[in-house]
$ cat data05.cif   # mmCIF, C-alpha atoms
data_final
#
loop_
_atom_site.label_atom_id
_atom_site.label_comp_id
_atom_site.auth_asym_id
_atom_site.auth_seq_id
_atom_site.Cartn_x
_atom_site.Cartn_y
_atom_site.Cartn_z
CA GLY A 123 116.98 27.37 94.57
CA ALA A 124 117.52 25.43 97.78
CA TYR A 125 114.90 23.05 99.16
CA GLU A 126 113.75 23.22 102.75
CA VAL A 127 111.18 21.24 104.74
CA GLN A 128 110.45 21.95 108.39
CA LEU A 129 108.47 19.66 110.69
CA GLU A 130 107.71 19.69 114.36
CA ILE A 131 108.08 16.51 116.40
CA LEU A 132 107.41 16.53 120.14
CA ASN A 133 107.49 20.33 120.17
CA THR A 134 110.93 20.26 118.55
CA PRO A 135 111.37 21.80 115.09
CA ILE A 136 113.13 19.44 112.67
CA ARG A 137 114.62 21.10 109.57
CA PHE A 138 115.64 19.30 106.39
CA TRP A 139 117.71 21.31 103.93
CA ALA A 140 119.10 20.46 100.49
CA PRO A 141 121.25 22.56 98.13
CA PRO A 142 120.01 23.68 94.70
CA ALA A 143 119.57 20.79 92.30
CA ASN A 144 121.70 22.49 89.65
CA GLN A 145 124.85 22.37 91.76
CA PRO A 146 127.31 19.89 90.18
CA ILE A 147 128.80 18.83 93.53
CA ALA A 148 126.81 17.08 96.21
CA TYR A 149 126.72 19.04 99.49
CA VAL A 150 128.82 17.22 102.11
CA SER A 151 128.48 18.20 105.76
CA LEU A 152 132.10 17.50 106.63
CA PRO A 153 134.81 19.81 108.01
CA PHE A 154 137.21 19.55 105.04
CA GLN A 155 139.67 21.79 106.84
CA VAL A 156 140.55 18.93 109.22
CA LEU A 157 142.18 16.82 106.50
CA PHE A 158 144.21 19.75 105.15
CA GLU A 159 145.35 20.64 108.66
CA CYS A 160 146.60 17.09 109.23
CA LEU A 161 148.30 16.59 105.88
CA ASP A 162 149.98 18.94 103.45
CA ILE A 163 148.68 19.06 99.90
CA SER A 164 151.23 16.59 98.48
CA ASN A 165 150.28 13.97 101.07
CA VAL A 166 146.54 14.62 100.61
CA LEU A 167 147.02 13.96 96.89
CA LEU A 168 149.02 10.78 97.54
CA ALA A 169 146.36 9.40 99.90
CA TRP A 170 143.54 10.35 97.51
CA TYR A 171 145.30 8.92 94.45
CA SER A 172 146.03 5.66 96.27
CA LEU A 173 142.30 5.29 96.92
CA ALA A 174 141.45 6.27 93.34
CA CYS A 175 143.78 3.46 92.19
CA GLU A 176 142.10 1.04 94.62
CA ARG A 177 145.06 0.41 96.90
CA LYS A 178 145.20 -0.55 100.58
CA VAL A 179 145.21 2.58 102.76
CA LEU A 180 145.51 2.65 106.55
CA LEU A 181 145.02 5.87 108.51
CA VAL A 182 146.67 6.18 111.94
CA SER A 183 145.97 8.77 114.63
CA GLU A 184 145.96 9.17 118.36
CA GLN A 185 142.53 10.82 118.05
CA VAL A 186 139.72 8.47 117.01
CA SER A 187 137.60 11.38 115.73
CA LEU A 188 140.27 12.24 113.14
CA LEU A 189 140.10 8.72 111.71
CA THR A 190 136.38 8.89 110.96
CA VAL A 191 136.31 12.46 109.66
CA CYS A 192 139.38 12.10 107.43
CA SER A 193 138.15 8.77 106.06
CA GLU A 194 134.84 10.33 105.09
CA ILE A 195 136.55 13.37 103.52
CA LEU A 196 138.88 11.19 101.44
CA CYS A 197 135.89 9.16 100.23
CA SER A 198 134.02 12.34 99.30
CA LEU A 199 137.00 13.52 97.21
CA LEU A 200 136.50 10.46 94.99
CA PHE A 201 133.19 11.94 93.73
CA PRO A 202 131.73 11.10 91.21
CA MET A 203 133.43 7.77 91.91
CA LYS A 204 132.54 5.84 95.05
CA TRP A 205 134.65 3.71 97.39
CA SER A 206 133.09 0.24 97.20
CA HIS A 207 135.73 -1.90 98.92
CA LEU A 208 136.40 -2.73 102.56
CA TYR A 209 135.80 0.37 104.69
CA ILE A 210 136.33 0.41 108.47
CA PRO A 211 137.13 3.97 109.67
CA VAL A 212 137.87 2.82 113.22
CA LEU A 213 139.28 -0.70 113.28
CA PRO A 214 138.98 -2.50 116.65
CA ARG A 215 141.91 -4.53 117.91
CA SER A 216 140.03 -7.79 117.38
CA LEU A 217 139.80 -7.11 113.64
CA CYS A 218 143.48 -6.27 113.05
CA PRO A 219 143.95 -9.44 110.91
CA MET A 220 141.67 -7.75 108.34
CA LEU A 221 144.65 -5.57 107.41
CA ASP A 222 146.17 -8.53 105.58
CA ALA A 223 143.04 -8.99 103.46
CA PRO A 224 143.73 -9.65 99.74
CA MET A 225 141.58 -6.71 98.62
CA PRO A 226 141.70 -2.90 98.60
CA TYR A 227 140.65 -1.25 101.84
CA LEU A 228 140.39 2.05 103.63
CA CYS A 229 140.76 1.52 107.36
CA GLY A 230 141.69 3.64 110.34
CA ILE A 231 143.31 2.56 113.57
CA SER A 232 144.13 4.36 116.80
CA ARG A 233 147.76 4.75 117.77
CA ALA A 234 147.07 2.75 120.92
CA ASN A 235 146.06 -0.27 118.81
CA PHE A 236 148.62 0.24 116.06
CA PRO A 237 151.40 -1.85 117.72
CA TYR A 238 149.01 -4.82 117.81
CA ALA A 239 148.31 -4.42 114.08
CA VAL A 240 151.85 -4.08 112.74
CA GLN A 241 152.31 -7.81 112.17
CA ASP A 242 149.04 -7.96 110.22
CA ILE A 243 149.65 -4.98 107.92
CA GLY A 244 150.20 -6.24 104.39
CA ASP A 245 153.32 -5.36 102.39
CA GLU A 246 151.11 -3.59 99.83
CA THR A 247 149.65 -1.11 102.34
CA ILE A 248 150.21 2.63 102.46
CA VAL A 249 150.12 3.95 106.05
CA VAL A 250 149.04 7.57 106.54
CA ASP A 251 149.96 9.12 109.90
CA LEU A 252 147.46 11.95 110.39
CA ASP A 253 149.19 13.31 113.51
CA ARG A 254 152.65 13.64 111.98
CA ASN A 255 151.92 14.37 108.30
CA CYS A 256 153.86 11.24 107.39
CA ILE A 257 153.15 8.54 104.79
CA SER A 258 154.99 5.23 104.62
CA VAL A 259 154.67 2.70 101.82
CA GLY A 260 154.94 -1.07 102.16
CA PRO A 261 157.85 -2.86 100.42
CA ASN A 262 155.51 -4.49 97.88
CA PHE A 263 153.22 -1.49 97.35
CA PRO A 264 152.32 -1.49 93.64
CA GLU A 265 153.75 1.55 91.89
CA LEU A 266 151.07 4.11 91.14
CA PRO A 267 150.65 5.05 87.49
CA PRO A 268 151.81 8.63 86.89
CA LEU A 269 149.14 11.30 86.89
CA PRO A 270 148.87 13.32 83.66
CA HIS A 271 151.40 16.08 84.26
CA LYS A 272 149.35 19.10 83.14
CA ARG A 273 146.21 17.93 84.94
CA ARG A 274 148.15 17.28 88.12
CA GLN A 275 149.64 20.76 87.90
CA LYS A 276 146.17 22.29 87.51
CA LEU A 277 144.86 20.29 90.48
CA GLU A 278 147.80 21.28 92.70
CA ALA A 279 147.51 24.92 91.63
CA ALA A 280 143.79 24.97 92.45
CA LEU A 281 144.40 23.43 95.89
CA ASN A 282 147.31 25.76 96.66
CA SER A 283 145.21 28.74 95.65
CA SER A 284 142.26 27.73 97.84
CA VAL A 285 143.79 26.03 100.87
CA GLY A 286 147.56 26.16 100.40
CA ASN A 287 148.26 27.79 103.75
CA VAL A 288 145.81 25.79 105.90
CA PHE A 289 148.42 23.20 106.92
CA TRP A 290 150.85 25.88 108.14
CA GLU A 291 148.18 28.06 109.75
CA ALA A 292 147.19 25.07 111.91
CA ARG A 293 150.75 25.19 113.26
CA ASN A 294 150.83 28.99 113.66
CA LEU A 295 153.31 29.24 110.80
CA ASP A 296 153.23 31.00 107.45
CA GLU A 297 154.12 29.00 104.34
CA GLU A 298 156.15 31.84 102.82
CA ASP A 299 158.22 32.21 105.99
CA VAL A 300 158.87 28.47 106.11
CA LEU A 301 159.98 28.45 102.47
CA LYS A 302 162.33 31.38 103.14
CA VAL A 303 163.93 29.55 106.05
CA LYS A 304 164.28 26.38 103.97
CA SER A 305 165.92 28.34 101.15
CA THR A 306 168.71 29.44 103.51
CA GLY A 307 169.80 25.82 103.95
CA ASN A 308 170.30 26.38 107.68
CA ASN A 309 169.22 23.04 109.13
CA ALA A 310 169.20 24.35 112.70
CA SER A 311 166.74 27.13 111.80
CA ILE A 312 164.59 24.77 109.77
CA ASN A 313 164.39 22.27 112.63
CA THR A 314 163.56 25.04 115.11
CA TRP A 315 160.65 26.24 112.95
CA LEU A 316 159.33 22.74 112.36
CA GLU A 317 159.61 21.82 116.05
CA LYS A 318 157.75 24.99 116.99
CA GLY A 319 154.96 24.20 114.54
CA GLY A 320 154.88 20.57 115.63
CA ALA A 321 154.44 21.53 119.29
CA VAL A 322 151.53 23.84 118.41
CA TRP A 323 149.86 21.13 116.34
CA GLU A 324 150.27 18.51 119.08
CA ASP A 325 148.45 20.79 121.52
CA LYS A 326 145.62 21.32 119.04
CA VAL A 327 145.26 17.71 118.01
CA ARG A 328 144.95 16.47 121.60
CA ALA A 329 141.54 18.18 121.83
CA ARG A 330 140.14 16.66 118.63
CA ASP A 331 138.25 13.89 120.42
CA ASP A 332 136.28 16.40 122.48
CA ALA A 333 133.54 16.55 119.85
CA PHE A 334 132.67 15.95 116.22
CA ASN A 335 132.16 19.39 114.69
CA LEU A 336 130.32 19.03 111.40
CA ALA A 337 130.09 21.88 108.93
CA CYS A 338 127.00 24.09 108.97
CA ALA A 339 124.61 24.47 106.08
CA PRO A 340 125.46 27.53 103.94
CA ASP A 341 122.59 29.59 105.39
CA ALA A 342 122.91 28.41 108.99
CA ALA A 343 122.80 31.09 111.70
CA ALA A 344 125.97 29.67 113.26
CA LEU A 345 127.99 30.93 110.30
CA GLU A 346 127.56 34.46 111.62
CA PHE A 347 130.26 33.69 114.17
CA ASP A 348 132.41 31.44 111.96
CA ASP A 349 135.56 33.29 110.87
CA ASP A 350 136.38 30.72 108.20
CA ALA A 351 132.92 30.98 106.67
CA LEU A 352 132.91 34.78 106.89
CA ALA A 353 136.12 34.81 104.88
CA GLY A 354 134.03 33.67 101.92
CA ARG A 355 131.54 36.54 102.24
CA ASP A 356 131.45 39.77 100.29
CA ASN A 357 129.99 42.62 102.38
CA GLY A 358 128.12 40.14 104.52
CA VAL A 359 126.62 38.27 101.55
CA LEU A 360 127.60 34.62 101.20
CA LYS A 361 129.36 34.01 97.91
CA LYS A 362 128.19 31.26 95.62
CA GLN A 363 131.32 29.19 96.26
CA SER A 364 133.40 28.76 99.41
CA ARG A 365 137.00 27.60 99.34
CA TRP A 366 135.92 24.11 100.37
CA ASP A 367 133.50 23.99 97.44
CA ALA A 368 136.49 24.97 95.32
CA VAL A 369 138.45 22.00 96.72
CA GLN A 370 135.69 19.56 95.78
CA GLU A 371 135.35 21.21 92.39
CA ALA A 372 139.10 20.91 91.72
CA PHE A 373 138.96 17.12 92.16
CA LEU A 374 135.76 16.90 90.11
CA ARG A 375 137.36 18.89 87.29
CA PHE A 376 140.32 16.49 87.34
CA TYR A 377 137.99 13.51 86.87
CA VAL A 378 135.98 15.25 84.15
CA SER A 379 139.07 16.27 82.16
CA SER A 380 140.64 12.81 82.58
CA LEU A 381 137.53 10.91 81.48
CA LEU A 382 136.44 13.35 78.77
CA ASP A 383 137.80 11.27 75.89
CA TYR A 384 137.57 7.83 77.48
CA LYS A 385 135.79 6.38 74.41
CA LYS A 386 138.99 6.77 72.40
CA PHE A 387 140.59 4.05 74.54
CA ILE A 388 137.75 1.54 74.19
CA PRO A 389 138.41 -1.06 71.47
#
$ encode --input "data05.cif" --output "C-alpha cells"
Amino acid sequence: GAYEVQLEILNTPIRFWAPPANQPIAYVSLPFQVLFECLDISNVLLAWYSLACERKVLLVSEQVSLLTVCSEILCSLLFPMKWSHLYIPVLPRSLCPMLDAPMPYLCGISRANFPYAVQDIGDETIVVDLDRNCISVGPNFPELPPLPHKRRQKLEAALNSSVGNVFWEARNLDEEDVLKVKSTGNNASINTWLEKGGAVWEDKVRARDDAFNLACAPDAAALEFDDDALAGRDNGVLKKQSRWDAVQEAFLRFYVSSLLDYKKFIP
C-alpha cells in the first residue's frame, strides 16, 4: 500500500506521501497534460526520441512556466533512463553562448530572448516551439536512427488511445472533425479550422505564467473537483491507473521491449 507520514511544524500539518513500492513507475507530480496540449503526439515523440539519442534540444515559448514544466516532463519520459547532460530549463540571455556547446543539452528559452540566441544556436540543434507545435531541425542535425517499426506503432497506438485528443481539445476542436475536413482537400476550410484552433490556444497559453499547477496526489481531496481526474474514476472509486500513468507506462514498455534482448548484441 501507499506510505504516509504526517508531522506538525509551527501548528501547520506537513504531509509526506509515497505511492506503493510495487508500482513499476515512479510517481511524478507533473501536469503531463501540458506537454500534450502544446505538441501533438508525433512532435512529442520526436522531441523525446531526440533526447533519448542524446541530441541538442532547445525549447522555445513565450511563457516561462511552459519551459520548466515541459522540460521536466520530457526528462521523466526517459525513465528508467536519466538525462545526465547539460540541463537549463530557463536559459538567461547572458548564457546564450551555451547553445553552441559541443555536447548534448536540453535547454529552454523565452521568446523574448530567442532573437539574442539565434546566432549561438548550433547547426546540430533541434528547436521545439511549444506555442506553435512546430519543430525545426538544424542543417547539420545528425539523422536519428529509425525506431523499430512495430514498437513505434505500439507506442503511438498506446498514446493515441490514452491522450490522442488532448492536443485538439486544448484548441476546442475534435480530432475526428479535423481529419474529416483535411480529407476533403479544401485548403480554405482546413486553414479556417486551424486558425480557429490557433486563436483559442493563444488565449489559453497567455495565462500559463499565472501559476505553476502541479498534479495532486492520487488520494488528494482536490481531485474531487478535478474533471480530468474524475474521468479516470469508476462510480467514484479511483481506478488503479489514470491515463497519465498509461502514458508513462507506454514509454516504459517501449524501453523494456527494446532492451529485453540487449545481451545478444554484446560481443
$ closest_residue --input "data05.cif" --among "A:Val186, A:Leu266, A:Ala279, A:Val191" --to "Arg233 (chain A)" --atoms "all atoms listed in the file"
A:Val186
$ resolve_selection --input "data05.cif" --expression "the PyMOL selection byres ((chain A and resi 238) around 12)" --output "list of chain:residue names"
A:Leu213, A:Pro214, A:Arg215, A:Ser216, A:Leu217, A:Cys218, A:Pro219, A:Leu221, A:Ile231, A:Ser232, A:Arg233, A:Ala234, A:Asn235, A:Phe236, A:Pro237, A:Ala239, A:Val240, A:Gln241, A:Asp242, A:Ile243
$ closest_residue --input "data05.cif" --among "A:Ser206, A:Ser183, A:Ser258, A:Thr247" --to "Asp222 (chain A)" --atoms "all atoms listed in the file"
A:Thr247
$ resolve_selection --input "data05.cif" --expression "the PyMOL selection byres ((chain A and resi 285-294) around 9)" --output "number ranges by chain"
A: 155, 157-163, 279-284, 295-298, 300, 316, 318-324, 326, 365-366, 369
$ atom_distance --input "data05.cif" --atom1 "CA of Arg273 (chain A)" --atom2 "CA of Leu188 (chain A)"
29.4 Å
$ atom_distance --input "data05.cif" --atom1 "CA of Pro153 (chain A)" --atom2 "CA of Glu130 (chain A)"
27.8 Å
$ atom_distance --input "data05.cif" --atom1 "CA of Lys178 (chain A)" --atom2 "CA of Pro226 (chain A)"
4.7 Å
$ closest_residue --input "data05.cif" --among "A:Ile257, A:Pro264, A:Glu371, A:Ile195" --to "Ser151 (chain A)" --atoms "only C-alpha atoms"
A:Ile195
$ closest_residue --input "data05.cif" --among "A:Lys385, A:Arg274, A:His207, A:Arg375" --to "Pro224 (chain A)" --atoms "only C-alpha atoms"
A:His207
